[in-house]
Each structure stands twice: as C-alpha cells, then as structure tokens.
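What follows is the content of query_12.cif (mmCIF, C-alpha atoms and all ligand atoms).
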```cif
data_structure
#
loop_
_atom_site.label_atom_id
_atom_site.label_comp_id
_atom_site.auth_asym_id
_atom_site.auth_seq_id
_atom_site.Cartn_x
_atom_site.Cartn_y
_atom_site.Cartn_z
CA MET A 1 -33.69 1.75 -17.27
CA THR A 2 -31.15 1.37 -14.49
CA LEU A 3 -32.73 0.54 -11.14
CA PRO A 4 -31.73 2.63 -8.10
CA LEU A 5 -29.27 1.08 -5.67
CA SER A 6 -30.56 -0.25 -2.36
CA ASP A 7 -30.84 1.91 0.76
CA GLU A 8 -28.17 -0.31 2.28
CA VAL A 9 -25.63 0.76 -0.34
CA LEU A 10 -26.62 4.45 -0.21
CA ASP A 11 -26.35 4.41 3.60
CA ARG A 12 -23.01 2.62 3.51
CA VAL A 13 -21.44 5.07 1.06
CA PHE A 14 -23.08 8.36 2.07
CA ARG A 15 -25.97 8.66 4.51
CA ARG A 16 -24.63 6.63 7.41
CA ALA A 17 -20.95 6.68 6.46
CA ARG A 18 -18.66 8.47 8.90
CA THR A 19 -15.10 9.68 9.08
CA VAL A 20 -13.65 7.36 11.71
CA ASN A 21 -11.10 8.06 14.42
CA SER A 22 -9.93 4.50 15.06
CA TYR A 23 -10.14 0.99 13.70
CA THR A 24 -10.79 -2.55 14.85
CA ASP A 25 -7.94 -5.09 14.83
CA ARG A 26 -9.20 -6.61 11.59
CA PRO A 27 -6.27 -6.54 9.17
CA VAL A 28 -6.51 -4.99 5.71
CA SER A 29 -5.20 -7.41 3.11
CA PRO A 30 -2.94 -6.23 0.28
CA GLN A 31 -5.61 -7.56 -2.10
CA VAL A 32 -8.11 -5.02 -0.73
CA LEU A 33 -5.73 -2.14 -1.50
CA ARG A 34 -5.60 -3.36 -5.08
CA GLU A 35 -9.41 -3.63 -5.17
CA ILE A 36 -9.76 -0.02 -3.98
CA TYR A 37 -7.45 1.15 -6.76
CA ASP A 38 -9.14 -1.05 -9.36
CA LEU A 39 -12.46 0.66 -8.59
CA LEU A 40 -11.31 4.26 -8.15
CA LYS A 41 -9.30 4.25 -11.38
CA TRP A 42 -12.54 4.25 -13.39
CA GLY A 43 -13.66 7.64 -12.03
CA PRO A 44 -13.44 10.46 -14.59
CA THR A 45 -10.63 13.05 -14.81
CA SER A 46 -9.92 15.85 -17.30
CA THR A 47 -8.44 14.44 -20.53
CA ASN A 48 -8.35 11.15 -18.59
CA GLN A 49 -5.12 12.46 -17.05
CA CYS A 50 -5.34 10.23 -13.93
CA PRO A 51 -2.84 12.30 -11.89
CA LEU A 52 -3.34 10.42 -8.60
CA ARG A 53 -0.32 8.53 -7.24
CA ILE A 54 -0.74 6.54 -4.01
CA VAL A 55 1.90 5.49 -1.50
CA TRP A 56 0.43 2.89 0.86
CA CYS A 57 2.13 2.87 4.28
CA VAL A 58 1.49 -0.68 5.43
CA SER A 59 4.63 -1.61 7.38
CA GLU A 60 5.29 -0.21 10.85
CA PRO A 61 8.45 1.67 9.68
CA ALA A 62 6.51 3.27 6.81
CA LYS A 63 3.69 4.34 9.14
CA ALA A 64 6.25 5.76 11.59
CA ARG A 65 7.90 7.77 8.81
CA LEU A 66 4.56 9.26 7.83
CA ALA A 67 3.36 9.82 11.40
CA ALA A 68 6.50 11.84 12.17
CA LEU A 69 5.38 14.37 9.54
CA CYS A 70 1.77 14.71 10.79
CA ALA A 71 0.34 17.43 12.99
CA GLY A 72 -0.99 16.86 16.51
CA GLY A 73 -3.37 13.94 16.96
CA ASN A 74 -3.05 12.92 13.30
CA ALA A 75 0.32 11.26 14.05
CA GLU A 76 -1.23 8.89 16.57
CA LYS A 77 -4.04 8.09 14.14
CA VAL A 78 -1.55 7.11 11.43
CA LEU A 79 0.41 4.92 13.84
CA ARG A 80 -2.70 3.11 15.08
CA ALA A 81 -4.41 2.57 11.72
CA PRO A 82 -3.89 -0.72 9.86
CA VAL A 83 -2.92 1.26 6.73
CA SER A 84 -2.29 4.90 5.88
CA ALA A 85 -2.11 6.20 2.34
CA VAL A 86 -0.44 9.28 0.88
CA LEU A 87 -2.60 10.54 -1.99
CA ALA A 88 -0.40 12.55 -4.28
CA MET A 89 -0.49 14.13 -7.74
CA ASP A 90 1.94 13.69 -10.59
CA LEU A 91 2.60 17.19 -11.95
CA ALA A 92 4.02 15.59 -15.09
CA PHE A 93 0.79 13.68 -15.72
CA TYR A 94 0.61 15.00 -19.29
CA ARG A 95 3.47 12.65 -20.32
CA HIS A 96 0.93 9.85 -20.32
CA ILE A 97 -1.80 11.56 -22.33
CA PRO A 98 -0.99 9.85 -25.66
CA ARG A 99 -1.58 6.52 -23.90
CA LEU A 100 -4.53 7.54 -21.70
CA PHE A 101 -6.37 9.79 -24.19
CA PRO A 102 -5.44 8.08 -27.47
CA HIS A 103 -8.38 9.42 -29.46
CA VAL A 104 -6.94 12.96 -29.08
CA PRO A 105 -3.17 12.39 -28.93
CA ASP A 106 -2.52 16.11 -29.45
CA ALA A 107 -4.17 16.85 -26.07
CA GLN A 108 -0.70 16.64 -24.51
CA SER A 109 0.18 19.95 -26.19
CA TRP A 110 -2.67 21.72 -24.33
CA TYR A 111 -0.53 21.51 -21.19
CA SER A 112 2.80 22.43 -22.74
CA GLY A 113 4.43 25.31 -20.81
CA GLN A 114 1.21 25.94 -18.83
CA ASP A 115 2.64 25.48 -15.34
CA GLU A 116 -0.23 27.14 -13.46
CA MET A 117 -2.85 25.24 -15.41
CA ILE A 118 -0.95 21.97 -14.85
CA LYS A 119 -0.90 22.52 -11.06
CA GLU A 120 -4.55 23.52 -10.96
CA SER A 121 -5.59 20.58 -13.11
CA ALA A 122 -3.53 18.06 -11.13
CA LEU A 123 -4.98 19.34 -7.85
CA ARG A 124 -8.55 19.32 -9.15
CA ASN A 125 -8.34 15.87 -10.68
CA SER A 126 -6.31 14.16 -7.95
CA SER A 127 -8.80 15.55 -5.41
CA LEU A 128 -11.61 13.99 -7.43
CA GLN A 129 -9.69 10.71 -7.47
CA GLY A 130 -9.26 11.07 -3.71
CA ALA A 131 -13.04 11.23 -3.40
CA TYR A 132 -13.36 8.17 -5.63
CA PHE A 133 -10.88 6.49 -3.24
CA ILE A 134 -13.13 7.14 -0.23
CA ILE A 135 -16.22 5.93 -2.08
CA ALA A 136 -14.43 2.78 -3.31
CA ALA A 137 -13.18 2.02 0.20
CA ARG A 138 -16.69 2.43 1.62
CA LEU A 139 -18.22 0.23 -1.09
CA LEU A 140 -15.72 -2.48 -0.12
CA GLY A 141 -16.71 -2.19 3.55
CA LEU A 142 -13.77 -0.11 4.78
CA ASP A 143 -13.58 3.30 6.43
CA CYS A 144 -11.23 6.27 6.06
CA ASN A 145 -10.02 9.35 7.89
CA PRO A 146 -8.78 11.77 5.25
CA MET A 147 -6.40 14.36 6.72
CA SER A 148 -4.70 17.55 5.62
CA GLY A 149 -2.88 18.26 8.90
CA PHE A 150 0.72 17.43 7.94
CA ASP A 151 3.98 19.06 6.87
CA GLU A 152 3.58 19.21 3.10
CA GLY A 153 7.22 20.06 2.35
CA LYS A 154 8.54 17.25 4.51
CA ILE A 155 6.14 14.68 3.05
CA ASN A 156 7.26 15.71 -0.43
CA ASP A 157 10.94 15.46 0.60
CA THR A 158 10.44 12.11 2.31
CA PHE A 159 8.24 10.31 -0.20
CA PHE A 160 8.67 12.16 -3.50
CA ALA A 161 12.20 13.60 -3.56
CA ASP A 162 13.52 14.30 -7.07
CA THR A 163 10.16 13.52 -8.66
CA PRO A 164 7.37 15.74 -10.04
CA THR A 165 4.92 14.17 -7.55
CA ARG A 166 3.46 16.26 -4.72
CA VAL A 167 1.20 15.29 -1.82
CA ASN A 168 -2.49 16.26 -1.96
CA PHE A 169 -3.83 14.68 1.27
CA ILE A 170 -3.36 11.58 3.37
CA THR A 171 -5.85 9.11 4.78
CA THR A 172 -5.93 6.29 7.27
CA LEU A 173 -7.79 3.16 6.21
CA GLY A 174 -9.27 0.11 7.91
CA TYR A 175 -12.44 -1.31 9.40
CA GLY A 176 -13.77 1.50 11.57
CA ASP A 177 -14.38 1.21 15.31
CA PRO A 178 -17.74 2.93 15.92
CA ALA A 179 -16.94 3.37 19.63
CA THR A 180 -14.72 6.41 18.99
CA LEU A 181 -16.85 8.40 16.53
CA TYR A 182 -17.41 12.11 17.09
CA PRO A 183 -21.11 13.07 17.30
CA GLY A 184 -22.55 13.26 13.80
CA ALA A 185 -22.19 16.70 12.22
CA PRO A 186 -24.97 18.28 10.13
CA ARG A 187 -24.93 19.12 6.44
CA PHE A 188 -26.59 21.99 4.59
CA ASP A 189 -30.12 21.37 3.32
CA PHE A 190 -30.80 21.55 -0.40
CA GLU A 191 -32.51 24.96 -0.13
CA GLU A 192 -29.48 26.53 1.54
CA VAL A 193 -26.79 25.83 -1.01
CA ASN A 194 -28.49 24.96 -4.28
CA THR A 195 -29.67 27.32 -6.99
CA LEU A 196 -32.07 26.31 -9.70
CA LEU A 197 -31.96 28.64 -12.69
C1 LIG B 201 -9.47 16.95 2.87
C2 LIG B 201 -9.80 16.60 4.31
C3 LIG B 201 -8.93 16.96 5.31
C4 LIG B 201 -9.18 16.59 6.64
N1 LIG B 201 -8.23 16.84 7.61
C5 LIG B 201 -8.37 16.25 8.81
C6 LIG B 201 -7.30 16.28 9.75
O1 LIG B 201 -6.23 16.84 9.51
N2 LIG B 201 -7.48 15.63 10.95
C7 LIG B 201 -8.64 14.97 11.25
O2 LIG B 201 -8.73 14.38 12.33
N3 LIG B 201 -9.69 14.95 10.38
C8 LIG B 201 -9.57 15.56 9.18
N4 LIG B 201 -10.62 15.49 8.28
C9 LIG B 201 -11.89 14.85 8.65
C10 LIG B 201 -13.10 15.82 8.62
O3 LIG B 201 -13.10 16.68 9.73
C11 LIG B 201 -14.38 14.98 8.54
O4 LIG B 201 -14.33 14.20 7.38
C12 LIG B 201 -15.64 15.85 8.52
O5 LIG B 201 -15.80 16.55 9.72
C13 LIG B 201 -16.91 15.03 8.27
O6 LIG B 201 -17.08 14.04 9.27
P1 LIG B 201 -18.14 12.85 9.06
O7 LIG B 201 -17.75 12.15 7.79
O8 LIG B 201 -17.95 11.94 10.25
O9 LIG B 201 -19.49 13.44 8.98
C14 LIG B 201 -10.39 15.89 6.95
C15 LIG B 201 -11.29 15.56 5.93
C16 LIG B 201 -11.00 15.89 4.63
C17 LIG B 201 -11.97 15.47 3.53
#
```

Show how you would write the structure in this file as structure tokens.
Ligand SMILES: Cc1cc2nc3c(=O)[nH]c(=O)nc-3n(C[C@H](O)[C@H](O)[C@H](O)COP(=O)(O)O)c2cc1C
Amino acid sequence: MTLPLSDEVLDRVFRRARTVNSYTDRPVSPQVLREIYDLLKWGPTSTNQCPLRIVWCVSEPAKARLAALCAGGNAEKVLRAPVSAVLAMDLAFYRHIPRLFPHVPDAQSWYSGQDEMIKESALRNSSLQGAYFIIAARLLGLDCNPMSGFDEGKINDTFFADTPTRVNFITTLGYGDPATLYPGAPRFDFEEVNTLL
C-alpha cells in the first residue's frame, strides 16, 4: 500500500500554498524550468495528446514584450517576476498522436475535420497541463501567479504568428515574497459543492 504524503508536502502544494503577487530576488535557474516541465509532462491528457506549449520569458526584452500585452497591474507583475511563462495549446496536437499514443495509432483519425472538438480538447487538456505546471512548481519550492488578464489576439500575433498555437493563460514564476500576499480567500466546504449519489 502506498503511504500518504507528509503534511509538509500537502501544505506546500495545496493547503498553505498561495497565489503570490511578488517574488524575492532569488534567481530561477534554467535547470529549474526544465525540472518543472519534466514533472508536469507526466500528467494525463486525452489520448496522451500533450497539447501544452510553453514560452518562457526569461530575458528582460522577452518580459517587456509580454508585459506590454497584459492588462492593468498584470504588466508590472510580469516585469518584476524572475520568469513569466506563456502557457499555450497546439491546435494541431493530433499530428503527434501516432508517436504519443502508439498503441492506438488510428486515434489521430478521431480528430480529423473535427475543428470544434479539437479546440475544446486542446483547451481542456492544456488547462489540465497548466494545473500540473502549478503543482510541479510548488513541489519544487517555487510559486506562481497564473493570469488571464491579457490581450489574447496580440499574444498570439506576437508569440505564435503563422502557427497553430494559441495562448491559454500566462503565469509569473519565482520564489514568492510572503510580504505582499492578499488575505487568504476561503474555499467551499465539501457539503456545499459535492454530491454523493
Ligand atoms: C486561470 C487564472 C487566471 C487568473 N487571472 C489573474 C489575473 O489576471 N491577475 C491576477 O492578479 N491574478 C489572477 N489569478 C489569480 C487568482 O485570483 C488567484 O489564484 C485566486 O484568487 C486564489 O488565490 P490563492 O491561491 O492565494 O488562494 C488567476 C488565476 C487563475 C488560475
């Protein structure tokens, strides 16, 4: 039987984890970005389609390009964070299904000509991979501020022109500064939003 994880891990990933507003000066090494990806990639997606594509804005010019396309206070957050990532979805993900789902190579045909289903599936599965991203970052001791306040069309034009890739959401990343947290917000209790049938 698998033993439960320690309270320390559960707190770090969920119970005491927060969405942060700012970060300490501690740099984020390129190796850590690779470690985040090498964990999140194991999370499940439909037909193992793995639609997530990530653009890491690490350099100051890259962060400035992204910040210019963000709404309100999000721009400043992107500029000040050690790293910001654009989490996007490849709408032509099904090209890779023979490689990624080799035990059912014909699965590629399930998507053929199904534009609405492709979009829905890419959004669903890249969002799941975005959640795996946050969990992986937290497990590695980092913090995130996922954000959807940005100009979607301009991000697509700037980062994904002439490709079938489209932005899902963005996030800042680093070692969080607890001094600037908002007060903790509540969550629903089990009884309020769960149904046992
Ligand atoms: C998909 C998504 C979009 C979000 N968009 C923004 C945003 O545009 N700007 C921002 O400051 N925070 C944004 N947030 C942060 C949420 O408000 C925050 O995660 C939520 O209130 C929970 O906070 P907590 O983790 O500290 O409890 C977003 C979070 C998610 C998951």

Any idea what's packed within 6 Å of region 49-64 of chain A, counting only C-alpha atoms, ignoring anything in its chain fewer than 5 positions away? Could you give it as number ranges by chain?
-> A: 79, 83-90, 93, 122, 126

Selection from above, C-alpha atoms, as a short mmCIF file (atom, residue, chain, number, x, y, z; two decimals), keeping the file's coordinate frame, can you write it?
```cif
data_model
loop_
_atom_site.label_atom_id
_atom_site.label_comp_id
_atom_site.auth_asym_id
_atom_site.auth_seq_id
_atom_site.Cartn_x
_atom_site.Cartn_y
_atom_site.Cartn_z
CA LEU A 79 0.41 4.92 13.84
CA VAL A 83 -2.92 1.26 6.73
CA SER A 84 -2.29 4.90 5.88
CA ALA A 85 -2.11 6.20 2.34
CA VAL A 86 -0.44 9.28 0.88
CA LEU A 87 -2.60 10.54 -1.99
CA ALA A 88 -0.40 12.55 -4.28
CA MET A 89 -0.49 14.13 -7.74
CA ASP A 90 1.94 13.69 -10.59
CA PHE A 93 0.79 13.68 -15.72
CA ALA A 122 -3.53 18.06 -11.13
CA SER A 126 -6.31 14.16 -7.95
#
```

Counting all atoms listed in the file, figure out which residue out of A:Leu91, A:Ala67, A:Ala136, A:Ala185 gets nearest to ligand LIG 201 (chain B).
->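 Ranking A:Leu91, A:Ala67, A:Ala136, A:Ala185 by distance to ligand LIG 201 (chain B), first place goes to A:Ala185.
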
Give as an MDAnalysis selection string the set of residues within 12 Å of the point (-24.3, 3.9, 4.2), where distances use the file's coordinates and all atoms listed in the file.
-> chainID A and resid 5:19 135 137:143

Enumerate residues in contact with ligand LIG 201 (chain B): an atom-to-atom distance of at most 7 Å, counting all atoms listed in the file. Format the result as a PDB file with C-alpha atoms, keeping the file's coordinate frame.
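Produced file result_23.pdb, reproduced below:
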```pdb
ATOM      1  CA  ALA A  17     -20.950   6.680   6.460  1.00  0.00           C
ATOM      2  CA  ARG A  18     -18.660   8.470   8.900  1.00  0.00           C
ATOM      3  CA  THR A  19     -15.100   9.680   9.080  1.00  0.00           C
ATOM      4  CA  VAL A  20     -13.650   7.360  11.710  1.00  0.00           C
ATOM      5  CA  ASN A  74      -3.050  12.920  13.300  1.00  0.00           C
ATOM      6  CA  ASN A 145     -10.020   9.350   7.890  1.00  0.00           C
ATOM      7  CA  PRO A 146      -8.780  11.770   5.250  1.00  0.00           C
ATOM      8  CA  MET A 147      -6.400  14.360   6.720  1.00  0.00           C
ATOM      9  CA  SER A 148      -4.700  17.550   5.620  1.00  0.00           C
ATOM     10  CA  GLY A 149      -2.880  18.260   8.900  1.00  0.00           C
ATOM     11  CA  PHE A 169      -3.830  14.680   1.270  1.00  0.00           C
ATOM     12  CA  TYR A 182     -17.410  12.110  17.090  1.00  0.00           C
ATOM     13  CA  GLY A 184     -22.550  13.260  13.800  1.00  0.00           C
ATOM     14  CA  ALA A 185     -22.190  16.700  12.220  1.00  0.00           C
TER      15      ALA A 185
END
```

Top pick for closest residue to Ser121 (chain A), considering A:Asp25, A:Glu35, A:Thr45, A:Pro178 and counting all atoms listed in the file =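 Result for the nearest residue to Ser121 (chain A): A:Thr45.
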
Selection: 10 Å around Gly153 (chain A), only C-alpha atoms, excl. self and same-chain fewer than 5 positions, as a ChimeraX atom specification = /A:69,158,160,166-167

Between CA of Glu116 (chain A) and CA of Thr171 (chain A) - distance in Å to one decimal = 26.3 Å

Of A:Pro30, A:Pro82, A:Gly73, A:Pro4, the one sitting nearest Tyr175 (chain A) when using all atoms listed in the file is A:Pro82

Using only C-alpha atoms, which of the listed residues (A:Ile97, A:Ala161, A:Leu39, A:Val78) sits closest to Cys144 (chain A)?
->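 Distance minimum relative to Cys144 (chain A) lands on A:Val78.
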
Of the candidates A:Pro98, A:Ala92, A:Arg80, A:Ile170, which shows the shortest atom-to-atom distance to Ile134 (chain A), using all atoms listed in the file?
->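 The shortest atom-to-atom distance to Ile134 (chain A) comes from A:Ile170.
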
How far is it from CA of Leu40 (chain A) to CA of Gly130 (chain A), in Å with one decimal?
->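 Taking CA of Leu40 (chain A) and CA of Gly130 (chain A), their separation equals 8.4 Å.
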
I'd like the box whose edges run along x, y and z of the file and which contains every listed atom of region 28-46 of chain A, padded by 3 Å per side; could you state its centre and edge lengths in Å, one decimal, as JSON?
```
{"center_x": -8.3, "center_y": 4.1, "center_z": -5.8, "size_x": 16.7, "size_y": 29.4, "size_z": 29.0}
```

For CA of Ile155 (chain A) and CA of Leu128 (chain A), determine how far apart the two atoms are, in Å to one decimal place.
->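 It comes out at 20.6 Å.
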